[in-house]
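Asker: So here's query.cif (mmCIF, C-alpha atoms).
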```cif
data_input
loop_
_atom_site.label_atom_id
_atom_site.label_comp_id
_atom_site.auth_asym_id
_atom_site.auth_seq_id
_atom_site.Cartn_x
_atom_site.Cartn_y
_atom_site.Cartn_z
CA LEU S 4 41.00 79.04 85.69
CA ALA S 5 44.38 80.66 85.05
CA ARG S 6 44.93 84.01 86.76
CA GLY S 7 44.95 85.96 83.50
CA THR S 8 41.63 84.41 82.56
CA THR S 9 39.99 85.26 85.88
CA ASP S 10 41.29 88.82 85.60
CA ALA S 11 39.66 89.19 82.20
CA VAL S 12 36.41 87.69 83.47
CA GLU S 13 36.28 89.97 86.51
CA VAL S 14 37.06 93.09 84.49
CA THR S 15 34.27 92.27 82.06
CA LEU S 16 31.68 91.33 84.68
CA ASP S 17 32.49 94.39 86.78
CA ALA S 18 32.44 96.77 83.81
CA MET S 19 28.99 95.57 82.77
CA ALA S 20 27.55 95.50 86.30
CA GLY S 21 28.99 98.91 87.15
CA GLY S 22 28.07 100.64 83.91
CA GLY S 23 24.91 102.24 82.65
CA ILE S 24 24.13 99.15 80.61
CA TYR S 25 22.92 97.65 83.91
CA ASP S 26 19.69 98.97 85.44
CA HIS S 27 20.77 99.91 88.97
CA VAL S 28 17.19 100.65 90.00
CA GLY S 29 15.18 97.75 88.60
CA GLY S 30 17.77 95.15 87.67
CA GLY S 31 18.47 93.62 84.30
CA PHE S 32 20.65 94.63 81.37
CA ALA S 33 20.08 96.78 78.33
CA ARG S 34 20.78 95.27 74.94
CA TYR S 35 24.27 96.68 74.35
CA SER S 36 26.51 99.66 75.06
CA VAL S 37 27.14 102.35 72.47
CA ASP S 38 30.48 103.42 74.00
CA ASP S 39 33.64 101.70 75.17
CA VAL S 40 33.08 102.17 78.92
CA TRP S 41 29.66 100.47 79.19
CA LEU S 42 28.03 103.77 80.23
CA VAL S 43 25.50 104.65 77.53
CA PRO S 44 23.32 101.72 76.46
CA HIS S 45 20.83 101.16 73.76
CA PHE S 46 18.11 101.05 76.40
CA GLU S 47 16.09 98.16 74.97
CA LYS S 48 15.94 95.16 77.32
CA MET S 49 15.80 91.74 75.70
CA LEU S 50 14.67 88.57 77.45
CA TYR S 51 17.42 86.45 75.90
CA ASP S 52 20.25 88.77 76.97
CA ASN S 53 19.07 88.74 80.56
CA ALA S 54 18.53 84.97 80.69
CA LEU S 55 22.07 84.40 79.43
CA LEU S 56 23.65 87.09 81.62
CA ALA S 57 21.91 85.82 84.75
CA ARG S 58 23.70 82.50 84.26
CA VAL S 59 27.01 84.23 83.52
CA TYR S 60 26.85 86.11 86.82
CA LEU S 61 25.71 82.97 88.64
CA HIS S 62 28.77 81.15 87.32
CA GLY S 63 30.94 84.14 88.20
CA TRP S 64 29.75 83.88 91.79
CA GLN S 65 30.28 80.12 91.88
CA VAL S 66 33.79 80.23 90.42
CA LEU S 67 35.15 83.49 91.82
CA GLY S 68 33.19 83.66 95.06
CA GLN S 69 32.23 87.33 94.67
CA GLU S 70 28.88 88.11 96.28
CA ARG S 71 28.37 91.06 93.93
CA TYR S 72 27.94 88.61 91.05
CA ARG S 73 25.33 86.64 92.94
CA ARG S 74 23.51 89.89 93.63
CA VAL S 75 23.46 90.85 89.93
CA CYS S 76 22.18 87.38 89.02
CA GLU S 77 19.35 87.64 91.51
CA GLU S 78 18.41 91.21 90.60
CA THR S 79 18.31 90.24 86.92
CA LEU S 80 16.04 87.26 87.55
CA GLN S 81 13.83 89.31 89.86
CA TRP S 82 13.46 91.91 87.11
CA ALA S 83 12.35 89.19 84.69
CA LEU S 84 9.85 87.75 87.15
CA ARG S 85 8.46 91.17 88.04
CA GLU S 86 8.31 92.86 84.64
CA MET S 87 8.39 90.21 81.93
CA ARG S 88 6.35 87.23 83.13
CA GLY S 89 2.80 86.75 81.85
CA PRO S 90 -0.05 85.30 83.90
CA GLU S 91 0.31 81.91 82.19
CA GLY S 92 3.95 81.61 83.32
CA GLY S 93 5.64 82.48 80.03
CA PHE S 94 8.01 85.40 79.54
CA GLN S 95 7.53 88.31 77.17
CA SER S 96 10.22 89.20 74.68
CA ALA S 97 11.43 92.77 75.21
CA LEU S 98 10.98 96.27 76.59
CA ASP S 99 11.52 99.08 74.09
CA ALA S 100 14.26 101.68 74.41
CA ASP S 101 11.88 104.62 73.90
CA SER S 102 9.15 106.23 75.93
CA GLU S 103 7.50 109.62 75.44
CA GLY S 104 9.31 109.78 72.11
CA GLU S 105 12.78 109.75 73.66
CA GLU S 106 15.29 106.94 73.92
CA GLY S 107 16.08 106.15 77.55
CA ARG S 108 13.61 108.69 78.97
CA PHE S 109 12.21 106.13 81.41
CA TYR S 110 15.64 105.30 82.88
CA VAL S 111 17.49 108.62 83.25
CA TRP S 112 17.45 111.08 86.19
CA THR S 113 18.10 114.64 87.26
CA PRO S 114 19.39 115.37 90.77
CA ASP S 115 16.03 117.00 91.62
CA GLU S 116 14.13 113.86 90.64
CA ILE S 117 16.29 111.75 92.95
CA HIS S 118 15.77 114.22 95.78
CA ASP S 119 12.00 114.09 95.19
CA ALA S 120 11.95 110.29 95.14
CA LEU S 121 13.94 109.96 98.36
CA ASP S 122 12.08 112.75 100.15
CA ALA S 123 8.78 111.03 99.38
CA ALA S 124 10.11 107.86 100.99
CA GLY S 125 11.51 109.65 104.04
CA LEU S 126 15.08 109.06 102.87
CA GLY S 127 16.04 112.62 102.01
CA ARG S 128 19.06 112.54 104.30
CA ARG S 129 20.60 109.92 102.04
CA ALA S 130 20.25 111.91 98.85
CA GLU S 131 23.80 113.24 98.62
CA ALA S 132 25.33 109.81 99.21
CA THR S 133 23.00 108.41 96.55
CA LEU S 134 23.98 111.06 94.00
CA SER S 135 27.66 110.38 94.61
CA TYR S 136 27.30 106.59 94.48
CA PHE S 137 25.42 106.66 91.17
CA GLY S 138 27.55 109.39 89.57
CA VAL S 139 24.70 111.90 89.27
CA SER S 140 25.53 115.55 88.51
CA GLU S 141 23.75 118.72 87.48
CA ALA S 142 25.45 118.58 84.08
CA GLY S 143 24.43 114.97 83.51
CA ASN S 144 26.08 112.36 81.30
CA PHE S 145 23.33 111.82 78.72
CA GLU S 146 21.54 114.70 77.03
CA GLY S 147 21.40 116.77 80.23
CA ARG S 148 20.18 113.91 82.42
CA ASN S 149 21.98 111.09 84.20
CA ILE S 150 22.34 107.43 83.41
CA LEU S 151 22.90 105.82 86.80
CA HIS S 152 26.21 104.00 87.00
CA LEU S 153 28.88 103.24 89.57
CA PRO S 154 31.87 105.53 88.99
CA GLY S 155 33.64 103.82 91.87
CA GLY S 156 32.95 100.40 90.37
CA PRO S 157 30.79 97.61 91.82
CA THR S 158 33.26 97.14 94.68
CA ALA S 159 32.71 100.73 95.90
CA GLU S 160 31.26 101.16 99.37
CA ARG S 161 27.47 100.98 99.18
CA PRO S 162 25.43 103.75 100.79
CA GLU S 163 23.58 102.93 103.97
CA GLY S 164 20.17 101.47 103.18
CA LEU S 165 20.86 101.00 99.47
CA GLU S 166 17.96 98.57 99.05
CA GLU S 167 15.55 101.10 100.54
CA ILE S 168 16.98 103.73 98.20
CA ARG S 169 16.52 101.49 95.19
CA ARG S 170 12.92 100.73 96.15
CA ALA S 171 12.18 104.44 96.51
CA LEU S 172 13.69 105.19 93.10
CA TYR S 173 11.80 102.29 91.55
CA THR S 174 8.50 103.48 93.00
CA HIS S 175 9.11 106.99 91.65
CA ARG S 176 10.19 105.69 88.23
CA SER S 177 7.18 103.39 87.95
CA ARG S 178 4.93 106.47 87.76
CA ARG S 179 6.57 107.51 84.50
CA VAL S 180 5.31 106.49 81.08
CA TRP S 181 6.67 102.98 80.58
CA PRO S 182 8.52 101.85 77.44
CA GLY S 183 6.57 99.84 74.93
CA ARG S 184 6.54 96.08 75.31
CA ASP S 185 6.92 93.21 72.87
CA ASP S 186 4.59 90.79 74.60
CA LYS S 187 4.91 87.74 72.38
CA ARG S 188 6.38 84.65 74.05
CA LEU S 189 9.02 82.84 71.99
CA THR S 190 9.79 79.21 72.74
CA ALA S 191 13.55 79.61 72.34
CA TRP S 192 13.85 82.67 74.57
CA ASN S 193 11.57 81.15 77.19
CA ALA S 194 13.76 78.05 77.17
CA LEU S 195 16.79 80.23 77.93
CA MET S 196 14.92 81.71 80.90
CA ILE S 197 13.88 78.23 82.11
CA SER S 198 17.56 77.26 82.13
CA ALA S 199 18.56 80.38 84.05
CA LEU S 200 15.81 80.05 86.65
CA ALA S 201 16.30 76.32 87.12
CA GLU S 202 20.05 76.53 87.51
CA ALA S 203 19.90 79.53 89.84
CA GLY S 204 17.06 77.96 91.78
CA ALA S 205 19.17 74.88 92.42
CA ALA S 206 22.47 76.61 93.12
CA LEU S 207 21.44 79.53 95.34
CA PRO S 208 19.05 77.76 96.30
CA CYS S 209 15.74 79.55 95.69
CA GLY S 210 12.40 77.77 95.52
CA ASP S 211 10.73 80.76 93.82
CA TYR S 212 13.11 80.49 90.87
CA ARG S 213 12.54 76.74 90.56
CA ASP S 214 8.77 77.23 90.72
CA ALA S 215 8.93 79.89 87.99
CA ALA S 216 11.03 77.58 85.80
CA VAL S 217 8.47 74.80 86.28
CA ALA S 218 5.55 77.10 85.44
CA CYS S 219 7.29 78.34 82.30
CA ALA S 220 8.13 74.82 81.14
CA GLU S 221 4.54 73.74 81.72
CA PHE S 222 3.36 76.71 79.64
CA VAL S 223 5.67 75.89 76.74
CA LEU S 224 4.84 72.20 76.66
CA ARG S 225 1.11 72.85 77.05
CA ASP S 226 0.42 75.94 74.95
CA LEU S 227 3.13 76.02 72.29
CA ARG S 228 2.08 72.92 70.33
CA ASP S 229 -0.03 72.25 67.27
CA GLU S 230 -2.73 69.58 66.87
CA GLN S 231 -0.09 66.93 66.11
CA GLY S 232 1.89 67.80 69.21
CA ARG S 233 4.66 69.54 67.26
CA LEU S 234 6.40 72.46 68.90
CA LEU S 235 5.42 75.98 67.86
CA ARG S 236 7.59 79.09 68.07
CA SER S 237 5.47 82.09 69.09
CA TYR S 238 2.55 82.78 71.44
CA LYS S 239 0.56 86.03 71.51
CA ASP S 240 -2.96 86.99 72.54
CA GLY S 241 -3.73 83.44 73.62
CA GLU S 242 -2.75 81.87 70.31
CA ALA S 243 0.38 79.91 69.35
CA ARG S 244 1.64 80.04 65.78
CA ILE S 245 4.62 79.44 63.46
CA ALA S 246 6.37 76.06 63.26
CA ALA S 247 9.27 75.93 65.70
CA TYR S 248 12.83 76.18 64.40
CA LEU S 249 15.92 74.23 65.39
CA GLU S 250 16.87 76.70 68.14
CA ASP S 251 13.44 76.32 69.76
CA HIS S 252 13.95 72.57 70.04
CA ALA S 253 17.62 72.69 70.99
CA TYR S 254 17.27 75.35 73.69
CA LEU S 255 14.29 73.46 75.08
CA VAL S 256 16.28 70.23 75.32
CA GLU S 257 18.97 72.04 77.32
CA ALA S 258 16.35 73.77 79.48
CA LEU S 259 14.40 70.63 80.31
CA LEU S 260 17.57 68.75 81.24
CA THR S 261 18.60 71.62 83.52
CA LEU S 262 15.14 71.61 85.06
CA TYR S 263 15.32 67.86 85.58
CA GLU S 264 18.66 68.21 87.35
CA ALA S 265 17.19 70.96 89.54
CA THR S 266 14.06 69.01 90.54
CA PHE S 267 14.66 65.30 89.84
CA GLU S 268 11.15 65.18 88.36
CA GLN S 269 11.21 62.50 85.69
CA ARG S 270 8.61 64.30 83.55
CA TRP S 271 11.22 66.90 82.58
CA PHE S 272 13.77 64.30 81.55
CA ASP S 273 11.12 62.47 79.52
CA ALA S 274 10.11 65.72 77.81
CA ALA S 275 13.75 66.54 77.05
CA ARG S 276 14.29 63.16 75.45
CA GLU S 277 11.09 63.38 73.41
CA THR S 278 12.05 66.87 72.19
CA ALA S 279 15.54 65.69 71.27
CA ASP S 280 14.19 62.72 69.35
CA ARG S 281 11.82 64.95 67.38
CA MET S 282 14.65 67.40 66.72
CA ILE S 283 16.81 64.64 65.29
CA GLU S 284 13.97 63.24 63.19
CA ARG S 285 12.94 66.60 61.70
CA PHE S 286 16.12 68.73 61.52
CA LEU S 287 19.13 66.41 61.15
CA ASP S 288 21.29 66.60 58.03
CA SER S 289 22.14 62.91 57.80
CA GLU S 290 24.45 63.44 54.81
CA ARG S 291 26.74 66.31 55.86
CA GLY S 292 26.20 66.44 59.62
CA GLY S 293 24.71 69.11 61.81
CA PHE S 294 21.14 70.34 61.78
CA PHE S 295 19.06 72.49 59.47
CA THR S 296 17.34 75.58 60.81
CA THR S 297 13.92 74.50 59.54
CA ALA S 298 12.18 71.14 59.78
CA LYS S 299 11.93 68.73 56.88
CA ASP S 300 8.12 68.81 57.20
CA GLY S 301 7.99 72.60 57.41
CA GLU S 302 7.29 75.21 54.79
CA PRO S 303 8.98 74.26 51.45
CA LEU S 304 12.08 76.38 50.79
CA ILE S 305 14.47 76.72 47.86
CA ALA S 306 17.29 75.73 50.23
CA ARG S 307 17.42 74.73 53.87
CA ARG S 308 20.11 76.74 55.61
CA LYS S 309 22.00 76.10 58.85
CA ASP S 310 22.54 78.68 61.60
CA LEU S 311 26.13 78.28 62.75
CA ASP S 312 27.47 81.22 64.78
CA ASP S 313 26.73 81.95 68.43
CA HIS S 314 25.83 85.64 68.02
CA PRO S 315 23.92 87.17 69.71
CA ILE S 316 22.60 83.92 71.14
CA PRO S 317 23.84 80.33 70.79
CA SER S 318 23.17 78.79 67.40
CA GLY S 319 20.75 75.93 67.16
CA ASN S 320 23.61 73.66 66.14
CA SER S 321 25.79 74.52 69.14
CA SER S 322 22.86 74.10 71.50
CA ALA S 323 21.81 70.84 69.88
CA ALA S 324 25.31 69.44 70.28
CA TYR S 325 25.51 70.40 73.94
CA GLY S 326 22.04 69.12 74.80
CA LEU S 327 22.58 65.82 72.99
CA LEU S 328 25.89 65.24 74.76
CA ARG S 329 24.26 65.80 78.14
CA LEU S 330 21.44 63.47 77.15
CA ALA S 331 23.99 60.84 76.10
CA ALA S 332 25.76 61.13 79.45
CA LEU S 333 22.49 60.51 81.30
CA THR S 334 21.30 57.65 79.11
CA GLY S 335 24.40 55.96 77.71
CA GLU S 336 22.78 56.27 74.27
CA HIS S 337 25.67 56.73 71.83
CA GLU S 338 23.43 57.84 68.97
CA TYR S 339 22.93 61.17 70.73
CA GLU S 340 26.69 61.59 70.98
CA ARG S 341 27.14 60.64 67.33
CA HIS S 342 24.80 63.39 66.18
CA ALA S 343 26.61 65.92 68.39
CA VAL S 344 29.94 64.90 66.88
CA GLY S 345 28.41 65.55 63.46
CA VAL S 346 28.06 69.21 64.51
CA PHE S 347 31.72 69.31 65.58
CA ARG S 348 32.86 67.88 62.25
CA LEU S 349 30.91 70.58 60.49
CA LEU S 350 32.20 73.49 62.58
CA HIS S 351 35.50 72.64 64.28
CA ARG S 352 37.68 74.45 61.73
CA ALA S 353 35.56 77.60 61.98
CA ALA S 354 35.72 77.40 65.78
CA ALA S 355 39.52 77.29 65.68
CA ARG S 356 39.64 80.34 63.39
CA GLN S 357 36.96 82.39 65.14
CA PRO S 358 36.49 81.10 68.69
CA GLN S 359 34.59 84.18 69.88
CA ALA S 360 31.96 83.57 67.24
CA LEU S 361 31.35 79.99 68.39
CA ALA S 362 31.65 80.16 72.17
CA HIS S 363 28.70 77.87 72.93
CA LEU S 364 30.05 75.31 70.48
CA LEU S 365 33.37 75.41 72.33
CA GLN S 366 31.52 74.78 75.58
CA ALA S 367 29.91 71.73 74.02
CA LEU S 368 33.26 70.61 72.60
CA SER S 369 34.88 70.99 76.02
CA PHE S 370 32.16 68.77 77.48
CA HIS S 371 32.84 66.18 74.78
CA LEU S 372 36.62 66.15 75.20
CA SER S 373 36.75 66.36 79.01
CA PRO S 374 36.13 63.57 81.49
CA VAL S 375 32.43 63.86 82.34
CA ARG S 376 31.22 62.93 85.81
CA GLU S 377 27.87 61.18 85.87
CA VAL S 378 26.42 61.42 89.37
CA ALA S 379 23.42 59.35 90.44
CA LEU S 380 21.84 60.08 93.84
CA VAL S 381 19.60 57.36 95.25
CA ALA S 382 17.20 57.61 98.17
CA PRO S 383 15.74 54.61 100.00
CA SER S 384 12.44 53.43 98.55
CA GLU S 385 10.82 54.09 101.92
CA ASN S 386 11.02 57.61 103.35
CA GLY S 387 12.88 58.66 100.22
CA GLY S 388 12.54 61.46 97.71
CA PRO S 389 14.33 64.68 96.82
CA GLU S 390 14.28 65.84 100.44
CA ALA S 391 16.24 62.76 101.54
CA LEU S 392 18.90 63.61 98.98
CA ALA S 393 19.28 67.24 100.04
CA ASP S 394 22.66 66.92 101.76
CA LEU S 395 24.25 65.02 98.87
CA THR S 396 22.62 67.27 96.30
CA ALA S 397 23.99 70.36 98.05
CA VAL S 398 27.53 69.05 97.59
CA VAL S 399 27.10 68.63 93.84
CA ARG S 400 25.53 72.08 93.49
CA SER S 401 28.08 73.84 95.70
CA ALA S 402 30.31 74.68 92.72
CA HIS S 403 30.08 75.35 89.01
CA ARG S 404 30.59 71.91 87.46
CA PRO S 405 30.08 72.28 83.71
CA ASN S 406 31.32 68.76 82.94
CA LEU S 407 28.91 66.90 85.20
CA VAL S 408 25.42 65.49 84.78
CA LEU S 409 23.17 64.73 87.73
CA ALA S 410 20.32 62.29 88.20
CA GLY S 411 18.34 61.53 91.32
CA GLY S 412 15.43 59.53 92.65
CA THR S 413 14.39 56.66 94.84
CA GLU S 414 15.46 53.05 94.51
CA GLY S 415 13.79 51.46 91.52
CA THR S 416 13.86 54.61 89.39
CA ARG S 417 14.47 53.47 85.82
CA SER S 418 14.82 56.73 83.94
CA PRO S 419 17.23 58.16 83.03
CA GLU S 420 19.31 55.03 82.52
CA LEU S 421 22.01 56.36 84.84
CA MET S 422 19.62 55.47 87.70
CA LEU S 423 19.27 51.79 86.73
CA GLU S 424 20.45 49.29 89.37
CA ARG S 425 21.38 52.04 91.82
CA HIS S 426 20.60 51.28 95.45
CA ALA S 427 20.70 53.02 98.78
CA VAL S 428 23.32 51.75 101.23
CA GLU S 429 22.05 50.28 104.49
CA GLY S 430 18.95 52.41 104.31
CA ARG S 431 20.89 55.62 103.71
CA PRO S 432 20.86 57.83 100.60
CA ALA S 433 23.84 57.05 98.37
CA ALA S 434 25.81 58.80 95.65
CA TYR S 435 27.36 57.01 92.68
CA VAL S 436 30.09 58.88 90.79
CA CYS S 437 30.58 57.41 87.33
CA GLU S 438 32.41 57.98 84.05
CA ASN S 439 31.06 56.30 80.92
CA PHE S 440 28.63 54.45 83.21
CA ALA S 441 31.53 52.82 85.12
CA CYS S 442 30.88 53.74 88.73
CA ARG S 443 32.99 53.87 91.86
CA ALA S 444 31.71 52.40 95.09
CA PRO S 445 28.75 54.41 96.39
CA VAL S 446 29.25 56.88 99.22
CA THR S 447 26.71 58.10 101.76
CA ASP S 448 28.55 60.91 103.51
CA PRO S 449 28.55 64.41 101.96
CA GLU S 450 32.25 64.86 102.75
CA GLU S 451 33.05 61.60 101.00
CA LEU S 452 31.09 62.77 97.95
CA ALA S 453 33.00 66.07 97.93
CA ALA S 454 36.24 64.11 97.97
CA GLU S 455 35.07 61.91 95.10
CA LEU S 456 34.19 64.95 93.00
CA ALA S 457 37.55 66.55 93.75
CA ARG S 458 39.51 63.56 92.41
#
```
Just give me the structure as structure tokens.
Answerer:
Amino acid sequence: LARGTTDAVEVTLDAMAGGGIYDHVGGGFARYSVDDVWLVPHFEKMLYDNALLARVYLHGWQVLGQERYRRVCEETLQWALREMRGPEGGFQSALDADSEGEEGRFYVWTPDEIHDALDAAGLGRRAEATLSYFGVSEAGNFEGRNILHLPGGPTAERPEGLEEIRRALYTHRSRRVWPGRDDKRLTAWNALMISALAEAGAALPCGDYRDAAVACAEFVLRDLRDEQGRLLRSYKDGEARIAAYLEDHAYLVEALLTLYEATFEQRWFDAARETADRMIERFLDSERGGFFTTAKDGEPLIARRKDLDDHPIPSGNSSAAYGLLRLAALTGEHEYERHAVGVFRLLHRAAARQPQALAHLLQALSFHLSPVREVALVAPSENGGPEALADLTAVVRSAHRPNLVLAGGTEGTRSPELMLERHAVEGRPAAYVCENFACRAPVTDPEELAAELAR
């Protein structure tokens, strides 16, 4: 990235992570800020915001190397796992802004409350440093109380034992009346969380995140279907309902491909391909390009519209394009690419005029126009498996590589097609680096693979 771009990224990431929009006690982000310094949020916490922001901070850590971004990513995912996950593995939709009839009441503090919380945990000697670090005063910054923030910014020196302090504050806060909860599970928003957990689980690495992504994907594919196997949108009180929309299918394609790349379990690739095929069959506009929001076999409407802009979450069309391009890169199936290009033809002029409104589309377009590396990792058929590929896999996952797809398995693996006719080398795991299915000579040494990816 150019220096000016990285400056803008760092300023934005630091302003959000240091402001009151971020929950410095429990992790996770509020829905938006109501001021221009990210201090006072609308205190509602949405699943989709946090799934998307966890990946943003993960990528910030990978590209810029700042540990504070990794920490925000992890704290955000830990919040989701702790406070939003249901017993079946799916994730609930939102926490309200209000409790006890007041917006933000659950999240704000007086100095006396912080003293009480730390005294109860035997940390009273750290109270003054805590008040200073979080910008807490007697006057307050929100209706006589304090929204915790970092007046010195996220690079400010952290108080001794900050994690103990946060746990003490969390324990104290948990005794308050909690905000209301929207406990329905939406397919689209759960797919965003699968993507975040799978990618973070692979990159950090963290087995707990991968396991949570797997459990959530199993929940969606098991419990959010009708009698004909068609995807449903919403799950509540043990019952799934409402025919799924384009975004449910498109986000799920992206999520399942990310989960496949994180685990090399073929069942996730197969599910991604099946979901993509159904999406094309039921939502494609074969005349004008792009995809309709509702399925052709859904509820009859006067007109079938198309969701186009990426606010506040990626549009179904942008996500469909990106997922289909990644599927094409793994399979060599040009029909997937053709349908993605249909989205670009529909939206490229709007993207040039209003790029901030179509950011996910631009990400997909960048993938389409850039050289894409297709990496196949192959373990020997005997004593093989994901564990045998760990050293090579770590090289691929050591950086943010948005224009790369990854497949892995033992010799003889036939799906995805990128794995066909790939062999280990002299009994050692091998890596094939390809573009348009034209591959260089395989390498077996992690340093050699790093050099290939750097070319």
Asker: On this structure, the PyMOL selection byres ((chain S and resi 156) around 8) would catch which residues? List them as a JSON list (two decimals) with C-alpha atoms, in the coordinates of the input, sorted by chain and number.
Answerer:
```json
[["chain", "number", "residue", "atom", "x", "y", "z"],
["S", 17, "ASP", "CA", 32.49, 94.39, 86.78],
["S", 18, "ALA", "CA", 32.44, 96.77, 83.81],
["S", 21, "GLY", "CA", 28.99, 98.91, 87.15],
["S", 153, "LEU", "CA", 28.88, 103.24, 89.57],
["S", 154, "PRO", "CA", 31.87, 105.53, 88.99],
["S", 155, "GLY", "CA", 33.64, 103.82, 91.87],
["S", 157, "PRO", "CA", 30.79, 97.61, 91.82],
["S", 158, "THR", "CA", 33.26, 97.14, 94.68],
["S", 159, "ALA", "CA", 32.71, 100.73, 95.90]]
```
Asker: Report the distance between atom CA of S:Val346 and atom CA of S:Gln269 in Å, rounded to one decimal place.
Answerer: 27.9 Å
Asker: Which one is closest to S:Gly63: S:Ala402, S:Arg129, S:Arg108, S:Thr447? Count all atoms listed in the file.
Answerer: S:Ala402
Asker: In Å, how far is it from atom CA of S:Asn439 to atom CA of S:Leu380?
Answerer: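 Atom CA of S:Leu380 lies at a distance of 16.3 Å from atom CA of S:Asn439.
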Asker: The PyMOL selection byres ((chain S and resi 391) around 10) - which residues does that actually catch in the file I just gave you? List them as an MDAnalysis selection string.
Answerer: chainID S and resid 380:383 386:390 392:396 412:413 431:432
Asker: Name all residues at most 6 Å from stretch 46-51 of chain S (count only C-alpha atoms; drop same-chain ones fewer than 6 positions away) and give them as a ChimeraX atom specification.
Answerer: /S:33-34,96-100,107,192
Asker: Going by the chain IDs and residue numbers used in this file, which residues fall under the PyMOL selection byres ((chain S and resi 57) around 12)? Write them as a ChimeraX atom specification.
Answerer: /S:16,20,25,30-32,50-56,58-64,72-83,195-204,212
Asker: Which neighbours of stretch 324-333 of chain S fall inside 8 Å, counting all atoms listed in the file, when residues of the same chain fewer than 6 positions from it are skipped, and could you give them as JSON, numbers by chain?
Answerer: {"S": [253, 254, 256, 257, 260, 276, 279, 339, 340, 342, 343, 344, 346, 347, 364, 366, 367, 368, 370, 371, 375, 377, 408, 409, 410, 419, 420, 421, 439]}
Asker: Let me see the file: selected residues, C-alpha atoms, as a PDB file, in the frame of the given file.
Answerer:
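Printed below is part_7.pdb as written:
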```
ATOM      1  CA  ALA S 253      17.620  72.690  70.990  1.00  0.00           C
ATOM      2  CA  TYR S 254      17.270  75.350  73.690  1.00  0.00           C
ATOM      3  CA  VAL S 256      16.280  70.230  75.320  1.00  0.00           C
ATOM      4  CA  GLU S 257      18.970  72.040  77.320  1.00  0.00           C
ATOM      5  CA  LEU S 260      17.570  68.750  81.240  1.00  0.00           C
ATOM      6  CA  ARG S 276      14.290  63.160  75.450  1.00  0.00           C
ATOM      7  CA  ALA S 279      15.540  65.690  71.270  1.00  0.00           C
ATOM      8  CA  TYR S 339      22.930  61.170  70.730  1.00  0.00           C
ATOM      9  CA  GLU S 340      26.690  61.590  70.980  1.00  0.00           C
ATOM     10  CA  HIS S 342      24.800  63.390  66.180  1.00  0.00           C
ATOM     11  CA  ALA S 343      26.610  65.920  68.390  1.00  0.00           C
ATOM     12  CA  VAL S 344      29.940  64.900  66.880  1.00  0.00           C
ATOM     13  CA  VAL S 346      28.060  69.210  64.510  1.00  0.00           C
ATOM     14  CA  PHE S 347      31.720  69.310  65.580  1.00  0.00           C
ATOM     15  CA  LEU S 364      30.050  75.310  70.480  1.00  0.00           C
ATOM     16  CA  GLN S 366      31.520  74.780  75.580  1.00  0.00           C
ATOM     17  CA  ALA S 367      29.910  71.730  74.020  1.00  0.00           C
ATOM     18  CA  LEU S 368      33.260  70.610  72.600  1.00  0.00           C
ATOM     19  CA  PHE S 370      32.160  68.770  77.480  1.00  0.00           C
ATOM     20  CA  HIS S 371      32.840  66.180  74.780  1.00  0.00           C
ATOM     21  CA  VAL S 375      32.430  63.860  82.340  1.00  0.00           C
ATOM     22  CA  GLU S 377      27.870  61.180  85.870  1.00  0.00           C
ATOM     23  CA  VAL S 408      25.420  65.490  84.780  1.00  0.00           C
ATOM     24  CA  LEU S 409      23.170  64.730  87.730  1.00  0.00           C
ATOM     25  CA  ALA S 410      20.320  62.290  88.200  1.00  0.00           C
ATOM     26  CA  PRO S 419      17.230  58.160  83.030  1.00  0.00           C
ATOM     27  CA  GLU S 420      19.310  55.030  82.520  1.00  0.00           C
ATOM     28  CA  LEU S 421      22.010  56.360  84.840  1.00  0.00           C
ATOM     29  CA  ASN S 439      31.060  56.300  80.920  1.00  0.00           C
TER      30      ASN S 439
END
```
Asker: Find the spatial neighbours of stretch 162-176 of chain S, counting all atoms listed in the file, within a cut-off of 8 Å - ignore same-chain residues fewer than 3 positions away - and output them as a ChimeraX atom specification.
Answerer: /S:27-29,109-110,117,120-121,123-124,126,129,132-133,136,179
Asker: How far is it from atom CA of S:Phe295 to atom CA of S:Ser318, in Å with one decimal?
Answerer: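 These atoms are spaced 10.9 Å apart.
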Asker: Scan for residues within 6 Å of the point (16.3, 67.8, 61.0) in the coordinates of the file, using only C-alpha atoms, and reply as a list in words.
Answerer: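 Those residues, ordered by chain and then number, are Met282, Ile283, Glu284, Arg285, Phe286, Leu287, Asp288, Phe294, Phe295 and Ala298 of chain S.
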Asker: Considering all atoms listed in the file, return as a list in words whatever protein or nucleic-acid residues lie within 9 Å of stretch 215-224 of chain S, sequence-local ones (same chain, fewer than 3 positions apart) excluded.
Answerer: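 Skipping anything fewer than 3 positions along the chain leaves Leu84, Arg88, Glu91, Gly92, Gly93, Phe94, Thr190, Asn193, Ala194, Met196, Ile197, Ser198, Ala199, Leu200, Ala201, Gly204, Gly210, Asp211, Tyr212, Leu227, Arg228, Leu234, Leu235, Leu255, Ala258, Leu259, Leu262, Trp271 and Ala274 of chain S.
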Asker: Which of these, S:Asp280, S:Arg458, S:Glu414, S:Asn144, has the shortest distance to S:Glu336 once you count only C-alpha atoms?
Answerer: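 Of S:Asp280, S:Arg458, S:Glu414, S:Asn144, the one nearest S:Glu336, counting only C-alpha atoms, is S:Asp280.
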